[in-house]
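Enquirer: Sharing start-v2.csv, CSV, N, CA and C atoms and all ligand atoms:
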```
chain,number,residue,atom,x,y,z
L,1271,MET,N,74.0,-139.9,306.3
L,1271,MET,CA,72.7,-139.3,305.8
L,1271,MET,C,72.9,-137.8,305.8
L,1272,ARG,N,72.3,-137.2,304.9
L,1272,ARG,CA,72.3,-135.8,304.8
L,1272,ARG,C,71.2,-135.2,305.6
L,1273,THR,N,71.6,-134.3,306.5
L,1273,THR,CA,70.6,-133.6,307.3
L,1273,THR,C,70.4,-132.2,306.9
L,1274,GLY,N,69.3,-131.6,307.3
L,1274,GLY,CA,69.1,-130.2,307.0
L,1274,GLY,C,67.6,-129.9,307.1
L,1275,LYS,N,67.2,-128.7,306.8
L,1275,LYS,CA,65.8,-128.3,306.9
L,1275,LYS,C,65.5,-127.2,306.0
L,1276,ILE,N,64.2,-127.0,305.7
L,1276,ILE,CA,63.8,-125.9,304.9
L,1276,ILE,C,63.7,-124.7,305.8
L,1277,ILE,N,64.4,-123.6,305.4
L,1277,ILE,CA,64.3,-122.4,306.1
L,1277,ILE,C,63.7,-121.3,305.2
L,1278,GLU,N,63.1,-120.3,305.8
L,1278,GLU,CA,62.6,-119.1,305.1
L,1278,GLU,C,63.6,-118.0,305.3
L,1279,ILE,N,63.9,-117.3,304.2
L,1279,ILE,CA,64.8,-116.2,304.1
L,1279,ILE,C,64.0,-115.0,303.8
L,1280,HIS,N,64.0,-114.0,304.8
L,1280,HIS,CA,63.3,-112.8,304.6
L,1280,HIS,C,64.2,-111.6,304.4
L,1281,CYS,N,63.8,-110.6,303.7
L,1281,CYS,CA,64.4,-109.3,303.7
L,1281,CYS,C,64.2,-108.6,305.0
L,1282,LYS,N,65.0,-107.6,305.3
L,1282,LYS,CA,64.7,-106.8,306.5
L,1282,LYS,C,63.4,-106.1,306.4
L,1283,CYS,N,62.9,-105.9,305.2
L,1283,CYS,CA,61.6,-105.2,305.1
L,1283,CYS,C,60.4,-106.2,305.4
L,1284,GLY,N,60.7,-107.4,305.5
L,1284,GLY,CA,59.7,-108.4,305.8
L,1284,GLY,C,59.3,-109.3,304.6
L,1285,TYR,N,59.7,-109.0,303.5
L,1285,TYR,CA,59.4,-109.7,302.3
L,1285,TYR,C,60.0,-111.1,302.3
L,1286,LEU,N,59.2,-112.1,302.0
L,1286,LEU,CA,59.7,-113.5,301.9
L,1286,LEU,C,60.4,-113.7,300.6
L,1287,LEU,N,61.7,-113.8,300.7
L,1287,LEU,CA,62.5,-113.9,299.5
L,1287,LEU,C,62.6,-115.3,298.9
L,1288,PHE,N,62.9,-116.3,299.8
L,1288,PHE,CA,63.2,-117.6,299.4
L,1288,PHE,C,62.8,-118.6,300.5
L,1289,ARG,N,62.5,-119.8,300.1
L,1289,ARG,CA,62.6,-121.0,300.9
L,1289,ARG,C,63.8,-121.8,300.4
L,1290,TYR,N,64.5,-122.3,301.4
L,1290,TYR,CA,65.8,-122.9,301.0
L,1290,TYR,C,66.1,-124.1,301.8
L,1291,PHE,N,66.6,-125.2,301.2
L,1291,PHE,CA,67.0,-126.4,301.9
L,1291,PHE,C,68.4,-126.1,302.4
L,1292,LYS,N,68.6,-125.9,303.7
L,1292,LYS,CA,69.9,-125.7,304.3
L,1292,LYS,C,70.4,-127.0,304.9
L,1293,ALA,N,71.6,-127.4,304.5
L,1293,ALA,CA,72.2,-128.6,305.0
L,1293,ALA,C,73.1,-128.2,306.2
L,1294,GLY,N,73.0,-128.9,307.3
L,1294,GLY,CA,73.8,-128.6,308.4
L,1294,GLY,C,73.4,-127.4,309.2
L,1295,LYS,N,74.3,-127.1,310.2
L,1295,LYS,CA,74.0,-125.9,311.1
L,1295,LYS,C,74.9,-124.8,310.7
L,1296,GLY,N,74.6,-123.6,311.3
L,1296,GLY,CA,75.4,-122.5,311.2
L,1296,GLY,C,74.8,-121.4,310.4
L,1297,ARG,N,75.5,-120.3,310.3
L,1297,ARG,CA,75.1,-119.1,309.7
L,1297,ARG,C,75.0,-119.3,308.2
L,1298,LEU,N,73.9,-118.7,307.6
L,1298,LEU,CA,73.7,-118.8,306.2
L,1298,LEU,C,74.5,-117.7,305.5
L,1299,ILE,N,75.5,-118.1,304.7
L,1299,ILE,CA,76.4,-117.2,304.0
L,1299,ILE,C,75.9,-117.1,302.5
L,1300,LYS,N,75.6,-118.2,301.9
L,1300,LYS,CA,75.2,-118.3,300.5
L,1300,LYS,C,74.2,-119.3,300.3
L,1301,VAL,N,73.4,-119.1,299.2
L,1301,VAL,CA,72.4,-120.1,298.9
L,1301,VAL,C,72.6,-120.6,297.5
L,1302,LEU,N,72.6,-121.9,297.3
L,1302,LEU,CA,72.7,-122.5,296.0
L,1302,LEU,C,71.4,-122.4,295.3
L,1303,ILE,N,71.4,-121.8,294.1
L,1303,ILE,CA,70.1,-121.5,293.5
L,1303,ILE,C,69.3,-122.8,293.2
L,1304,SER,N,70.0,-123.9,292.9
L,1304,SER,CA,69.4,-125.2,292.6
L,1304,SER,C,68.7,-125.7,293.8
L,1305,ARG,N,69.0,-125.2,295.0
L,1305,ARG,CA,68.4,-125.8,296.2
L,1305,ARG,C,67.3,-124.9,296.8
L,1306,LEU,N,66.9,-123.8,296.1
L,1306,LEU,CA,65.8,-123.0,296.5
L,1306,LEU,C,64.5,-123.8,296.3
L,1307,THR,N,63.7,-123.9,297.3
L,1307,THR,CA,62.4,-124.6,297.1
L,1307,THR,C,61.3,-123.6,296.7
L,1308,ASP,N,61.5,-122.3,297.0
L,1308,ASP,CA,60.6,-121.2,296.6
L,1308,ASP,C,61.5,-120.0,296.3
L,1309,ASP,N,61.3,-119.4,295.1
L,1309,ASP,CA,62.1,-118.3,294.7
L,1309,ASP,C,61.2,-117.2,294.4
L,1310,HIS,N,61.0,-116.2,295.2
L,1310,HIS,CA,60.1,-115.0,295.0
L,1310,HIS,C,60.9,-113.8,294.4
L,1311,VAL,N,62.1,-114.1,294.0
L,1311,VAL,CA,62.9,-113.0,293.5
L,1311,VAL,C,63.2,-113.2,292.0
L,1312,GLY,N,63.2,-114.5,291.6
L,1312,GLY,CA,63.5,-114.8,290.2
L,1312,GLY,C,64.9,-115.1,289.9
L,1313,LEU,N,65.6,-115.7,290.8
L,1313,LEU,CA,67.1,-115.9,290.7
L,1313,LEU,C,67.4,-116.9,289.6
L,1314,GLN,N,66.5,-117.8,289.2
L,1314,GLN,CA,66.8,-118.8,288.2
L,1314,GLN,C,67.2,-118.1,286.9
L,1315,LYS,N,66.8,-116.9,286.6
L,1315,LYS,CA,67.0,-116.2,285.3
L,1315,LYS,C,68.2,-115.3,285.4
L,1316,VAL,N,68.8,-115.0,286.5
L,1316,VAL,CA,69.8,-113.9,286.6
L,1316,VAL,C,71.2,-114.4,286.2
L,1317,ALA,N,72.0,-113.6,285.7
L,1317,ALA,CA,73.3,-113.9,285.2
L,1317,ALA,C,74.3,-113.8,286.4
L,1318,THR,N,75.4,-114.6,286.2
L,1318,THR,CA,76.5,-114.6,287.1
L,1318,THR,C,77.1,-113.1,287.3
L,1319,HIS,N,77.4,-112.7,288.5
L,1319,HIS,CA,77.9,-111.4,288.9
L,1319,HIS,C,76.8,-110.3,288.9
L,1320,SER,N,75.5,-110.7,288.6
L,1320,SER,CA,74.5,-109.7,288.8
L,1320,SER,C,74.1,-109.6,290.2
L,1321,ARG,N,73.5,-108.5,290.6
L,1321,ARG,CA,73.1,-108.2,292.0
L,1321,ARG,C,71.6,-108.1,292.1
L,1322,PRO,N,71.0,-109.2,292.4
L,1322,PRO,CA,69.5,-109.1,292.5
L,1322,PRO,C,69.1,-108.2,293.7
L,1323,ALA,N,67.9,-107.7,293.6
L,1323,ALA,CA,67.4,-106.8,294.6
L,1323,ALA,C,66.0,-107.3,295.1
L,1324,CYS,N,65.7,-106.9,296.3
L,1324,CYS,CA,64.4,-107.2,296.9
L,1324,CYS,C,63.3,-106.6,296.0
L,1325,PRO,N,62.3,-107.5,295.6
L,1325,PRO,CA,61.2,-106.9,294.8
L,1325,PRO,C,60.4,-105.9,295.5
L,1326,GLN,N,60.4,-105.9,296.8
L,1326,GLN,CA,59.5,-105.0,297.6
L,1326,GLN,C,60.2,-103.6,297.9
L,1327,CYS,N,61.5,-103.7,298.4
L,1327,CYS,CA,62.1,-102.5,298.9
L,1327,CYS,C,63.4,-102.1,298.0
L,1328,ALA,N,63.7,-103.0,297.1
L,1328,ALA,CA,64.8,-102.7,296.1
L,1328,ALA,C,66.2,-102.7,296.8
L,1329,LYS,N,66.3,-103.2,297.9
L,1329,LYS,CA,67.7,-103.3,298.6
L,1329,LYS,C,68.4,-104.5,297.9
L,1330,ASP,N,69.8,-104.3,297.9
L,1330,ASP,CA,70.7,-105.2,297.3
L,1330,ASP,C,70.7,-106.5,298.2
L,1331,LEU,N,70.5,-107.6,297.5
L,1331,LEU,CA,70.4,-108.9,298.3
L,1331,LEU,C,71.8,-109.6,298.3
L,1332,GLY,N,72.7,-109.3,297.5
L,1332,GLY,CA,74.0,-110.0,297.4
L,1332,GLY,C,74.4,-110.0,296.0
L,1333,ILE,N,75.3,-111.0,295.7
L,1333,ILE,CA,75.8,-111.2,294.3
L,1333,ILE,C,75.8,-112.6,293.9
L,1334,ILE,N,75.5,-112.9,292.7
L,1334,ILE,CA,75.5,-114.2,292.1
L,1334,ILE,C,76.9,-114.6,291.7
L,1335,MET,N,77.3,-115.8,292.2
L,1335,MET,CA,78.6,-116.3,292.0
L,1335,MET,C,78.5,-117.8,291.6
L,1336,MET,N,79.6,-118.2,290.9
L,1336,MET,CA,79.7,-119.7,290.7
L,1336,MET,C,80.4,-120.3,291.8
L,1337,ILE,N,79.8,-121.3,292.5
L,1337,ILE,CA,80.5,-122.0,293.5
L,1337,ILE,C,80.4,-123.5,293.2
L,1338,HIS,N,81.6,-124.1,293.0
L,1338,HIS,CA,81.7,-125.5,292.6
L,1338,HIS,C,80.9,-125.7,291.3
L,1339,GLY,N,81.0,-124.7,290.4
L,1339,GLY,CA,80.3,-124.9,289.1
L,1339,GLY,C,78.8,-124.7,289.1
L,1340,GLU,N,78.3,-124.2,290.3
L,1340,GLU,CA,76.9,-124.0,290.4
L,1340,GLU,C,76.6,-122.6,290.8
L,1341,PRO,N,75.6,-122.0,290.2
L,1341,PRO,CA,75.3,-120.6,290.6
L,1341,PRO,C,74.7,-120.5,292.0
L,1342,ALA,N,75.2,-119.5,292.7
L,1342,ALA,CA,74.8,-119.3,294.1
L,1342,ALA,C,74.7,-117.9,294.4
L,1343,LEU,N,73.8,-117.5,295.3
L,1343,LEU,CA,73.7,-116.1,295.8
L,1343,LEU,C,74.5,-116.0,297.1
L,1344,LYS,N,75.6,-115.1,297.0
L,1344,LYS,CA,76.3,-114.8,298.3
L,1344,LYS,C,75.5,-113.7,298.9
L,1345,LEU,N,75.0,-113.9,300.1
L,1345,LEU,CA,74.0,-113.0,300.7
L,1345,LEU,C,74.7,-111.7,301.2
L,1346,ASN,N,74.0,-110.6,301.1
L,1346,ASN,CA,74.4,-109.4,301.7
L,1346,ASN,C,73.8,-109.4,303.1
L,1347,GLN,N,74.7,-109.6,304.1
L,1347,GLN,CA,74.2,-109.9,305.5
L,1347,GLN,C,73.4,-108.7,306.0
L,1348,GLY,N,73.7,-107.5,305.5
L,1348,GLY,CA,73.0,-106.3,305.9
L,1348,GLY,C,71.5,-106.2,305.5
L,1349,THR,N,71.2,-107.0,304.5
L,1349,THR,CA,69.8,-106.9,303.9
L,1349,THR,C,68.9,-108.0,304.4
L,1350,ILE,N,69.6,-109.2,304.6
L,1350,ILE,CA,68.8,-110.4,305.0
L,1350,ILE,C,68.5,-110.4,306.5
L,1351,GLU,N,67.3,-110.8,306.8
L,1351,GLU,CA,67.0,-111.0,308.2
L,1351,GLU,C,67.8,-112.1,308.7
L,1352,SER,N,68.4,-112.0,309.9
L,1352,SER,CA,69.2,-113.1,310.4
L,1352,SER,C,68.5,-114.3,310.7
L,1353,ILE,N,69.1,-115.5,310.4
L,1353,ILE,CA,68.5,-116.8,310.5
L,1353,ILE,C,69.2,-117.6,311.5
L,1354,ARG,N,68.4,-118.2,312.4
L,1354,ARG,CA,69.0,-119.1,313.3
L,1354,ARG,C,68.5,-120.5,313.1
L,1355,ILE,N,69.3,-121.5,313.3
L,1355,ILE,CA,68.9,-122.9,313.2
L,1355,ILE,C,69.2,-123.6,314.5
O,1401,ZN,ZN,63.0,-105.8,301.1
```
Once you've parsed the file, please lay out its structure as structure tokens.
Expert:
Amino acid sequence: MRTGKIIEIHCKCGYLLFRYFKAGKGRLIKVLISRLTDDHVGLQKVATHSRPACPQCAKDLGIIMMIHGEPALKLNQGTIESIRI
């Protein structure tokens, strides 16, 4: 059975960026865009290799990459509020 939970991902400025279904434990390195349950940044529309920014403070959130044929955001750990599960 697949385990996981919905987590909230905040920018360091406090803005709620995403809600995401995270499978398993451990540090969040990347998010699969298809698995976002709430997207307050608009990642559905962005192109591969673009660098989305926080809508509130305009900090760089990371880079969009293809991972196993699926678009994903590789998080900029300096911008994302740390997440513990
Ligand atoms: Zn921000």
Enquirer: Using only C-alpha atoms, determine which residues lie at most 8 Å from stretch 1341-1355 of chain L, disregarding the query and same-chain residues fewer than 3 positions distant; provide the list as a CSV table (one decimal) with N, CA and C atoms, keeping the file's coordinate frame.
Expert:
```csv
chain,number,residue,atom,x,y,z
L,1279,ILE,N,63.9,-117.3,304.2
L,1279,ILE,CA,64.8,-116.2,304.1
L,1279,ILE,C,64.0,-115.0,303.8
L,1280,HIS,N,64.0,-114.0,304.8
L,1280,HIS,CA,63.3,-112.8,304.6
L,1280,HIS,C,64.2,-111.6,304.4
L,1281,CYS,N,63.8,-110.6,303.7
L,1281,CYS,CA,64.4,-109.3,303.7
L,1281,CYS,C,64.2,-108.6,305.0
L,1282,LYS,N,65.0,-107.6,305.3
L,1282,LYS,CA,64.7,-106.8,306.5
L,1282,LYS,C,63.4,-106.1,306.4
L,1295,LYS,N,74.3,-127.1,310.2
L,1295,LYS,CA,74.0,-125.9,311.1
L,1295,LYS,C,74.9,-124.8,310.7
L,1296,GLY,N,74.6,-123.6,311.3
L,1296,GLY,CA,75.4,-122.5,311.2
L,1296,GLY,C,74.8,-121.4,310.4
L,1297,ARG,N,75.5,-120.3,310.3
L,1297,ARG,CA,75.1,-119.1,309.7
L,1297,ARG,C,75.0,-119.3,308.2
L,1298,LEU,N,73.9,-118.7,307.6
L,1298,LEU,CA,73.7,-118.8,306.2
L,1298,LEU,C,74.5,-117.7,305.5
L,1299,ILE,N,75.5,-118.1,304.7
L,1299,ILE,CA,76.4,-117.2,304.0
L,1299,ILE,C,75.9,-117.1,302.5
L,1300,LYS,N,75.6,-118.2,301.9
L,1300,LYS,CA,75.2,-118.3,300.5
L,1300,LYS,C,74.2,-119.3,300.3
L,1301,VAL,N,73.4,-119.1,299.2
L,1301,VAL,CA,72.4,-120.1,298.9
L,1301,VAL,C,72.6,-120.6,297.5
L,1302,LEU,N,72.6,-121.9,297.3
L,1302,LEU,CA,72.7,-122.5,296.0
L,1302,LEU,C,71.4,-122.4,295.3
L,1303,ILE,N,71.4,-121.8,294.1
L,1303,ILE,CA,70.1,-121.5,293.5
L,1303,ILE,C,69.3,-122.8,293.2
L,1304,SER,N,70.0,-123.9,292.9
L,1304,SER,CA,69.4,-125.2,292.6
L,1304,SER,C,68.7,-125.7,293.8
L,1318,THR,N,75.4,-114.6,286.2
L,1318,THR,CA,76.5,-114.6,287.1
L,1318,THR,C,77.1,-113.1,287.3
L,1329,LYS,N,66.3,-103.2,297.9
L,1329,LYS,CA,67.7,-103.3,298.6
L,1329,LYS,C,68.4,-104.5,297.9
L,1330,ASP,N,69.8,-104.3,297.9
L,1330,ASP,CA,70.7,-105.2,297.3
L,1330,ASP,C,70.7,-106.5,298.2
L,1331,LEU,N,70.5,-107.6,297.5
L,1331,LEU,CA,70.4,-108.9,298.3
L,1331,LEU,C,71.8,-109.6,298.3
L,1332,GLY,N,72.7,-109.3,297.5
L,1332,GLY,CA,74.0,-110.0,297.4
L,1332,GLY,C,74.4,-110.0,296.0
L,1333,ILE,N,75.3,-111.0,295.7
L,1333,ILE,CA,75.8,-111.2,294.3
L,1333,ILE,C,75.8,-112.6,293.9
L,1334,ILE,N,75.5,-112.9,292.7
L,1334,ILE,CA,75.5,-114.2,292.1
L,1334,ILE,C,76.9,-114.6,291.7
L,1335,MET,N,77.3,-115.8,292.2
L,1335,MET,CA,78.6,-116.3,292.0
L,1335,MET,C,78.5,-117.8,291.6
L,1336,MET,N,79.6,-118.2,290.9
L,1336,MET,CA,79.7,-119.7,290.7
L,1336,MET,C,80.4,-120.3,291.8
L,1337,ILE,N,79.8,-121.3,292.5
L,1337,ILE,CA,80.5,-122.0,293.5
L,1337,ILE,C,80.4,-123.5,293.2
```
Enquirer: So which one's closest to ligand ZN 1401 (chain O), L:Leu1287, L:Cys1324, L:Val1316, L:Leu1306? Using only N, CA and C atoms and all ligand atoms, please.
Expert: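 That would be L:Cys1324, the residue with the smallest distance to ligand ZN 1401 (chain O).
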Enquirer: Would you mind reading off the distance between atom N of L:Ser1320 and atom N of L:Ile1277, one decimal, in Å?
Expert: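 Going from atom N of L:Ser1320 over to atom N of L:Ile1277 covers 23.9 Å.
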Enquirer: Apply DSSP to the structure's backbone, then extract all residues of chain L labelled strand (DSSP E) and return them as an MDAnalysis selection string.
Expert: chainID L and resid 1274:1280 1286:1293 1300:1302 1306:1309 1332:1337 1340:1345
Enquirer: What is the distance, in Å and to one decimal place, between atom C of L:Arg1305 and atom C of L:Arg1289?
Expert: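 If I compute the distance from atom C of L:Arg1305 to atom C of L:Arg1289, I get 5.9 Å.
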Enquirer: Could you tell me which of L:Glu1340, L:Asp1309, L:Pro1325, L:Phe1288 comes closest to ligand ZN 1401 (chain O) if we count only N, CA and C atoms and all ligand atoms?
Expert: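 Comparing L:Glu1340, L:Asp1309, L:Pro1325, L:Phe1288 against ligand ZN 1401 (chain O), the winner is L:Pro1325.
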Enquirer: Take atom N of L:Leu1313 and atom N of L:Lys1292 and report the distance between them in Å, one decimal.
Expert: 16.7 Å
Enquirer: Considering only N, CA and C atoms, can you say which of L:Ala1328, L:Gly1339, L:His1310, L:Pro1322 comes closest to L:Leu1286?
Expert: L:His1310
Enquirer: Closest to ligand ZN 1401 (chain O) among L:Tyr1285, L:Ile1276, L:Phe1291, L:Gln1314, using all atoms listed in the file?
Expert: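 For ligand ZN 1401 (chain O), the nearest of the given residues is L:Tyr1285.
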Enquirer: Choose the residue, out of L:Asp1308, L:Lys1275, L:Cys1283, L:His1338, that has the smallest atom-to-atom separation from ligand ZN 1401 (chain O); count only C-alpha atoms and all ligand atoms.
Expert: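 The shortest atom-to-atom distance to ligand ZN 1401 (chain O) comes from L:Cys1283.
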